Structure formats: C-alpha cells, structure tokens
file final27.cif (mmCIF, C-alpha atoms)
data_my_file
#
loop_
_atom_site.label_atom_id
_atom_site.label_comp_id
_atom_site.auth_asym_id
_atom_site.auth_seq_id
_atom_site.Cartn_x
_atom_site.Cartn_y
_atom_site.Cartn_z
CA MET Z 1 16.85 12.16 -6.34
CA ALA Z 2 18.52 12.06 -9.75
CA GLY Z 3 18.51 8.24 -9.54
CA MET Z 4 14.77 8.25 -8.83
CA ARG Z 5 14.19 10.63 -11.75
CA GLY Z 6 16.27 8.37 -14.01
CA HIS Z 7 14.33 5.32 -12.85
CA PHE Z 8 11.05 7.12 -13.47
CA LEU Z 9 12.11 8.10 -16.99
CA LEU Z 10 13.33 4.57 -17.71
CA SER Z 11 10.09 3.10 -16.36
CA ALA Z 12 8.02 5.52 -18.43
CA ALA Z 13 9.95 4.52 -21.56
CA VAL Z 14 9.46 0.82 -20.80
CA LEU Z 15 5.76 1.41 -20.20
CA ALA Z 16 5.47 3.29 -23.48
CA LEU Z 17 7.05 0.37 -25.35
CA ALA Z 18 4.73 -2.06 -23.56
CA ALA Z 19 1.76 -0.09 -24.89
CA ASN Z 20 2.54 -1.47 -28.35
CA ARG Z 21 1.56 -4.97 -27.21
CA ALA Z 22 -2.01 -6.13 -27.58
CA PRO Z 23 -3.79 -5.20 -24.33
CA ALA Z 24 -5.88 -7.80 -22.54
CA GLU Z 25 -8.65 -5.41 -21.61
CA VAL Z 26 -8.90 -1.85 -20.36
CA VAL Z 27 -12.29 -2.19 -18.66
CA ASP Z 28 -12.73 1.49 -17.79
CA SER Z 29 -10.65 4.61 -18.26
CA ALA Z 30 -11.25 8.17 -17.09
CA SER Z 31 -9.24 11.22 -16.03
CA ASN Z 32 -9.26 10.09 -12.39
CA GLY Z 33 -8.45 6.40 -12.90
CA PHE Z 34 -8.74 3.19 -14.85
CA VAL Z 35 -9.35 -0.55 -14.52
CA VAL Z 36 -7.46 -3.21 -16.44
CA ARG Z 37 -8.27 -6.92 -16.49
CA ILE Z 38 -6.30 -9.92 -17.73
CA THR Z 39 -7.80 -13.42 -17.96
CA VAL Z 40 -5.67 -16.52 -18.58
CA ASN Z 41 -6.10 -20.25 -18.26
CA ILE Z 42 -3.19 -21.99 -16.58
CA LYS Z 43 -2.62 -25.75 -16.66
CA ALA Z 44 -2.18 -26.17 -12.91
CA ALA Z 45 -4.47 -26.45 -9.91
CA PRO Z 46 -5.62 -23.21 -8.21
CA ASP Z 47 -3.61 -24.01 -5.07
CA GLU Z 48 -0.44 -24.36 -7.17
CA VAL Z 49 -1.08 -21.14 -9.11
CA TYR Z 50 -1.72 -19.23 -5.87
CA ARG Z 51 1.43 -20.68 -4.27
CA ARG Z 52 3.57 -19.64 -7.24
CA ILE Z 53 2.09 -16.12 -7.31
CA VAL Z 54 2.89 -15.54 -3.65
CA HIS Z 55 5.98 -17.64 -2.92
CA ASN Z 56 7.79 -17.40 -6.26
CA VAL Z 57 7.15 -13.82 -7.40
CA GLY Z 58 10.88 -13.33 -8.01
CA ASP Z 59 10.94 -16.27 -10.42
CA TRP Z 60 8.31 -14.94 -12.82
CA TRP Z 61 8.26 -11.14 -12.40
CA ASN Z 62 10.37 -9.34 -15.02
CA SER Z 63 13.48 -7.75 -13.45
CA GLU Z 64 13.15 -4.82 -15.87
CA HIS Z 65 10.07 -3.78 -13.90
CA THR Z 66 11.80 -3.49 -10.53
CA PHE Z 67 13.73 -0.65 -8.91
CA SER Z 68 16.66 -2.99 -8.11
CA HIS Z 69 16.69 -4.59 -11.59
CA ASP Z 70 16.56 -8.01 -9.88
CA SER Z 71 13.13 -9.60 -9.43
CA HIS Z 72 14.56 -11.94 -6.78
CA ASN Z 73 14.54 -8.92 -4.46
CA LEU Z 74 10.71 -9.09 -4.52
CA THR Z 75 8.70 -10.84 -1.82
CA ILE Z 76 5.03 -11.13 -0.92
CA GLU Z 77 4.31 -11.81 2.75
CA GLU Z 78 1.43 -14.27 2.94
CA LYS Z 79 -0.64 -12.58 5.65
CA ALA Z 80 -3.13 -9.76 6.00
CA THR Z 81 -1.12 -6.48 6.05
CA GLY Z 82 1.74 -8.41 4.43
CA CYS Z 83 4.11 -6.52 2.22
CA PHE Z 84 4.71 -6.90 -1.52
CA CYS Z 85 8.15 -5.38 -1.08
CA GLU Z 86 11.49 -5.08 -2.79
CA LYS Z 87 14.91 -5.01 -1.16
CA LEU Z 88 17.29 -2.30 -2.37
CA PRO Z 89 21.03 -1.83 -1.76
CA ASN Z 90 22.29 -0.31 1.52
CA ASN Z 91 19.25 -1.55 3.49
CA GLY Z 92 16.88 0.37 1.22
CA GLY Z 93 13.49 -0.87 0.14
CA VAL Z 94 10.22 -0.26 -1.66
CA ARG Z 95 6.74 -1.12 -0.42
CA HIS Z 96 4.88 -1.66 -3.69
CA MET Z 97 1.62 -2.98 -2.27
CA GLU Z 98 0.01 -4.40 0.88
CA VAL Z 99 -1.90 -7.66 1.16
CA ILE Z 100 -5.45 -6.78 2.19
CA TYR Z 101 -7.16 -10.12 1.51
CA LEU Z 102 -5.96 -13.65 0.97
CA ALA Z 103 -7.80 -16.92 0.51
CA PRO Z 104 -5.17 -19.49 -0.53
CA GLY Z 105 -6.08 -21.15 -3.81
CA LYS Z 106 -8.96 -18.73 -4.39
CA ALA Z 107 -8.01 -15.06 -4.20
CA LEU Z 108 -5.41 -12.46 -3.32
CA ILE Z 109 -5.99 -8.70 -3.13
CA LEU Z 110 -3.15 -6.21 -2.93
CA SER Z 111 -3.50 -2.47 -2.39
CA GLY Z 112 -1.00 0.15 -3.55
CA ALA Z 113 0.96 1.40 -6.53
CA LEU Z 114 3.51 -0.25 -8.79
CA GLY Z 115 6.68 1.36 -10.14
CA PRO Z 116 6.30 4.88 -11.50
CA LEU Z 117 2.72 5.13 -10.19
CA HIS Z 118 4.33 5.88 -6.78
CA SER Z 119 5.65 9.21 -7.99
CA ILE Z 120 2.30 10.44 -9.30
CA ALA Z 121 0.42 9.78 -6.04
CA ALA Z 122 -1.72 7.02 -7.50
CA THR Z 123 -2.96 3.94 -5.71
CA GLY Z 124 -5.15 1.00 -6.52
CA ASN Z 125 -6.31 -2.51 -5.75
CA MET Z 126 -5.01 -5.53 -7.64
CA THR Z 127 -7.15 -8.65 -7.40
CA PHE Z 128 -6.06 -12.17 -8.35
CA ASP Z 129 -9.17 -14.39 -8.65
CA LEU Z 130 -8.51 -18.10 -9.17
CA SER Z 131 -11.16 -20.63 -10.11
CA PRO Z 132 -10.95 -24.26 -11.19
CA ALA Z 133 -11.24 -24.84 -14.92
CA ASP Z 134 -10.88 -27.89 -17.14
CA GLY Z 135 -7.39 -29.18 -16.46
CA GLY Z 136 -6.29 -26.18 -14.43
CA THR Z 137 -7.17 -22.68 -13.31
CA THR Z 138 -8.77 -19.59 -14.74
CA LEU Z 139 -6.87 -16.60 -13.35
CA VAL Z 140 -8.46 -13.16 -13.59
CA VAL Z 141 -6.22 -10.26 -12.58
CA SER Z 142 -7.84 -6.83 -12.20
CA TYR Z 143 -6.06 -3.62 -11.27
CA ALA Z 144 -8.23 -0.60 -10.42
CA VAL Z 145 -6.06 2.53 -10.15
CA HIS Z 146 -7.03 6.05 -9.15
CA GLY Z 147 -5.18 9.29 -8.54
CA TYR Z 148 -4.43 12.68 -9.99
CA LEU Z 149 -2.35 13.42 -13.04
CA LYS Z 150 -2.70 16.67 -14.98
CA ALA Z 151 -2.73 14.79 -18.30
CA GLY Z 152 -5.33 12.39 -16.87
CA MET Z 153 -4.87 8.97 -15.26
CA ASN Z 154 -6.38 7.41 -18.39
CA THR Z 155 -3.05 8.11 -20.17
CA TRP Z 156 -1.53 5.33 -18.03
CA ALA Z 157 -4.22 2.69 -18.69
CA ALA Z 158 -2.72 1.09 -21.82
CA PRO Z 159 0.90 1.12 -20.56
CA VAL Z 160 -0.08 -0.44 -17.21
CA ASP Z 161 -2.19 -3.00 -19.04
CA GLY Z 162 0.79 -3.88 -21.25
CA VAL Z 163 3.12 -4.38 -18.28
CA LEU Z 164 0.58 -6.53 -16.42
CA VAL Z 165 -0.10 -8.64 -19.53
CA GLU Z 166 3.64 -9.28 -19.71
CA GLN Z 167 3.85 -10.24 -16.01
CA ILE Z 168 0.84 -12.60 -16.13
CA THR Z 169 2.11 -14.18 -19.37
CA ARG Z 170 5.44 -14.78 -17.62
CA LEU Z 171 3.59 -16.32 -14.64
CA LYS Z 172 1.66 -18.68 -16.93
CA ASN Z 173 4.84 -19.70 -18.78
CA TYR Z 174 6.73 -20.18 -15.51
CA ILE Z 175 4.04 -22.48 -14.12
CA GLU Z 176 3.35 -24.45 -17.30
CA ARG Z 177 6.82 -24.63 -18.84
CA GLY Z 178 9.24 -23.76 -16.05
CA ASN Z 179 10.47 -20.83 -18.14
CA GLN Z 180 8.83 -17.42 -17.75
CA ALA Z 181 10.08 -16.23 -21.16
CA ALA Z 182 8.67 -19.22 -23.13
CA LYS Z 183 6.42 -18.32 -26.04
#
call {"tool": "encode", "arguments": {"input": "final27.cif", "output": "structure tokens"}}
result
Amino acid sequence: MAGMRGHFLLSAAVLALAANRAPAEVVDSASNGFVVRITVNIKAAPDEVYRRIVHNVGDWWNSEHTFSHDSHNLTIEEKATGCFCEKLPNNGGVRHMEVIYLAPGKALILSGALGPLHSIAATGNMTFDLSPADGGTTLVVSYAVHGYLKAGMNTWAAPVDGVLVEQITRLKNYIERGNQAAK
C-alpha cells in the first residue's frame, strides 16, 4: 500500500506541474465533475491516426504517466469491451479504461479512470473523434469525468487537461515526426 501511496503522491505532483502548461480547454467544471477537450490537426489520414492511437499507444504515451514507468507496458485491445491496460511486475496489472465504442478511422470511446483518478473513485468517458481535414485529420479528444472528492472534482480539471494536452501533443509529434518529444 505504501507503494500505491507513493505513486499517488508522485502522480499528484506531476499533475500539479502539468497545470502550469497552457490548457487546451476545460469545457465545464463543477464539484461533481469536469469535461476537458483538446483539438489538434495531424498531418496523416484518419485511418493512420486511429491505428497509431490504438496499436502504438506505448510509443507515444509518456512513461512518467504510467504505474510501471514504461509506456510500452500499455496496450489497447481493439474490440468492444477491450482493455486499455498496463502490465505490472509479478503478473500485476492495471485496467485504466475499457473500450466501449470503436469505429476505425472515425472514433474511439473509452470508459474509466486514468492514474490517480482510480484512488478517488472517479470515472469518465474519453472520446477520440477523427475527421478528415485538409492534408490530414482533425482529432478532438474529450474526457468527461465525474466522481466525489471532498475538495471538489473541479480541482482536478486543469491538471488532467495538462496531462492530456501533453499526451495528445506527443501523439501528434509521433505521427508527424516519428519523435513524440519533438517541438
């Protein structure tokens, strides 16, 4: 349990630092939940963007935002009820989210909680909407989260937004430049 507490504290610190980045958009925020939305244009076809989201999550997701500290332990099963899961040492694991809708090249919806949101009994739906745009794809990622937290769920809106902005920026860079950390 001490390891979980340490991971939670580390994750909270990382989320607090991420809050200093410019947020994409906190669409709504209240004591019982929030919605964040990130919109990016990616210079690749929607089918390619979708494929990279699902099949290459370990190549673009930041390892600092995993329990194992290695993003290559992440997988997304491409099927309804599929798992966005993470392998941990000694046959351990984390079920971050579940695939509840997939339309290859068009949309992906995941349901569940990411990282430290597990420990505060929060859940949500994350939607990846892909549409053709000039020379590529417009990707809109929305994460609607609800739950109970004495301080109010709205206190997590900006930090979660910051982490998701980082992940989607890494995805864009990975697809366009082959390097998730490219500026």
call {"tool": "resolve_selection", "arguments": {"input": "final27.cif", "expression": "the PyMOL selection byres ((chain Z and resi 55-57) around 10)", "output": "list in words"}}
result
Tyr50, Arg51, Arg52, Ile53, Val54, Gly58, Asp59, Trp60, Trp61, Asn62, Ser71, His72, Asn73, Leu74, Thr75, Ile76, Glu77, Glu78, Phe84, Gln167, Leu171 and Tyr174 of chain Z
call {"tool": "residues_near_point", "arguments": {"input": "final27.cif", "point": "(-4.5, -5.0, -14.8)", "cutoff": "7 Å", "atoms": "all atoms listed in the file", "output": "NGL selection string"}}
result
:Z and (35-38 or 141-143 or 160-161 or 164)
call {"tool": "write_last_selection", "arguments": {"input": "final27.cif", "atoms": "C-alpha atoms", "output": "compact mmCIF listing (two decimals), in the frame of the given file"}}
result
# COMPACT_ATOMS: atom_id res chain seq x y z
CA VAL Z 35 -9.35 -0.55 -14.52
CA VAL Z 36 -7.46 -3.21 -16.44
CA ARG Z 37 -8.27 -6.92 -16.49
CA ILE Z 38 -6.30 -9.92 -17.73
CA VAL Z 141 -6.22 -10.26 -12.58
CA SER Z 142 -7.84 -6.83 -12.20
CA TYR Z 143 -6.06 -3.62 -11.27
CA VAL Z 160 -0.08 -0.44 -17.21
CA ASP Z 161 -2.19 -3.00 -19.04
CA LEU Z 164 0.58 -6.53 -16.42
call {"tool": "resolve_selection", "arguments": {"input": "final27.cif", "expression": "the PyMOL selection byres ((chain Z and resi 128) around 7)", "output": "PyMOL selection string"}}
result
chain Z and resi 107-109+126-127+129-130+139-142
call {"tool": "closest_atom_pairs", "arguments": {"input": "final27.cif", "of": "range 86-141 of chain Z", "to": "range 148-151 of chain Z", "cutoff": "9 Å", "atoms": "only C-alpha atoms", "output": "Markdown table"}}
result
| residue | atom | partner | partner_atom | distance |
| --- | --- | --- | --- | --- |
| Z:Ile120 | CA | Z:Leu149 | CA | 6.7 |
| Z:Ala121 | CA | Z:Tyr148 | CA | 6.9 |
| Z:Ala122 | CA | Z:Tyr148 | CA | 6.8 |
call {"tool": "atom_distance", "arguments": {"input": "final27.cif", "atom1": "CA of Gly136 in chain Z", "atom2": "CA of Tyr101 in chain Z"}}
result
22.6 Å
call {"tool": "resolve_selection", "arguments": {"input": "final27.cif", "expression": "the PyMOL selection byres ((chain Z and resi 29) around 12)", "output": "JSON, numbers by chain"}}
result
{"Z": [25, 26, 27, 28, 30, 31, 32, 33, 34, 35, 36, 37, 143, 144, 145, 146, 152, 153, 154, 155, 156, 157, 158, 160, 161]}
call {"tool": "write_last_selection", "arguments": {"input": "final27.cif", "atoms": "C-alpha atoms", "output": "PDB file, in the frame of the given file"}}
result
ATOM      1  CA  GLU Z  25      -8.650  -5.410 -21.610  1.00  0.00           C
ATOM      2  CA  VAL Z  26      -8.900  -1.850 -20.360  1.00  0.00           C
ATOM      3  CA  VAL Z  27     -12.290  -2.190 -18.660  1.00  0.00           C
ATOM      4  CA  ASP Z  28     -12.730   1.490 -17.790  1.00  0.00           C
ATOM      5  CA  ALA Z  30     -11.250   8.170 -17.090  1.00  0.00           C
ATOM      6  CA  SER Z  31      -9.240  11.220 -16.030  1.00  0.00           C
ATOM      7  CA  ASN Z  32      -9.260  10.090 -12.390  1.00  0.00           C
ATOM      8  CA  GLY Z  33      -8.450   6.400 -12.900  1.00  0.00           C
ATOM      9  CA  PHE Z  34      -8.740   3.190 -14.850  1.00  0.00           C
ATOM     10  CA  VAL Z  35      -9.350  -0.550 -14.520  1.00  0.00           C
ATOM     11  CA  VAL Z  36      -7.460  -3.210 -16.440  1.00  0.00           C
ATOM     12  CA  ARG Z  37      -8.270  -6.920 -16.490  1.00  0.00           C
ATOM     13  CA  TYR Z 143      -6.060  -3.620 -11.270  1.00  0.00           C
ATOM     14  CA  ALA Z 144      -8.230  -0.600 -10.420  1.00  0.00           C
ATOM     15  CA  VAL Z 145      -6.060   2.530 -10.150  1.00  0.00           C
ATOM     16  CA  HIS Z 146      -7.030   6.050  -9.150  1.00  0.00           C
ATOM     17  CA  GLY Z 152      -5.330  12.390 -16.870  1.00  0.00           C
ATOM     18  CA  MET Z 153      -4.870   8.970 -15.260  1.00  0.00           C
ATOM     19  CA  ASN Z 154      -6.380   7.410 -18.390  1.00  0.00           C
ATOM     20  CA  THR Z 155      -3.050   8.110 -20.170  1.00  0.00           C
ATOM     21  CA  TRP Z 156      -1.530   5.330 -18.030  1.00  0.00           C
ATOM     22  CA  ALA Z 157      -4.220   2.690 -18.690  1.00  0.00           C
ATOM     23  CA  ALA Z 158      -2.720   1.090 -21.820  1.00  0.00           C
ATOM     24  CA  VAL Z 160      -0.080  -0.440 -17.210  1.00  0.00           C
ATOM     25  CA  ASP Z 161      -2.190  -3.000 -19.040  1.00  0.00           C
TER      26      ASP Z 161
END
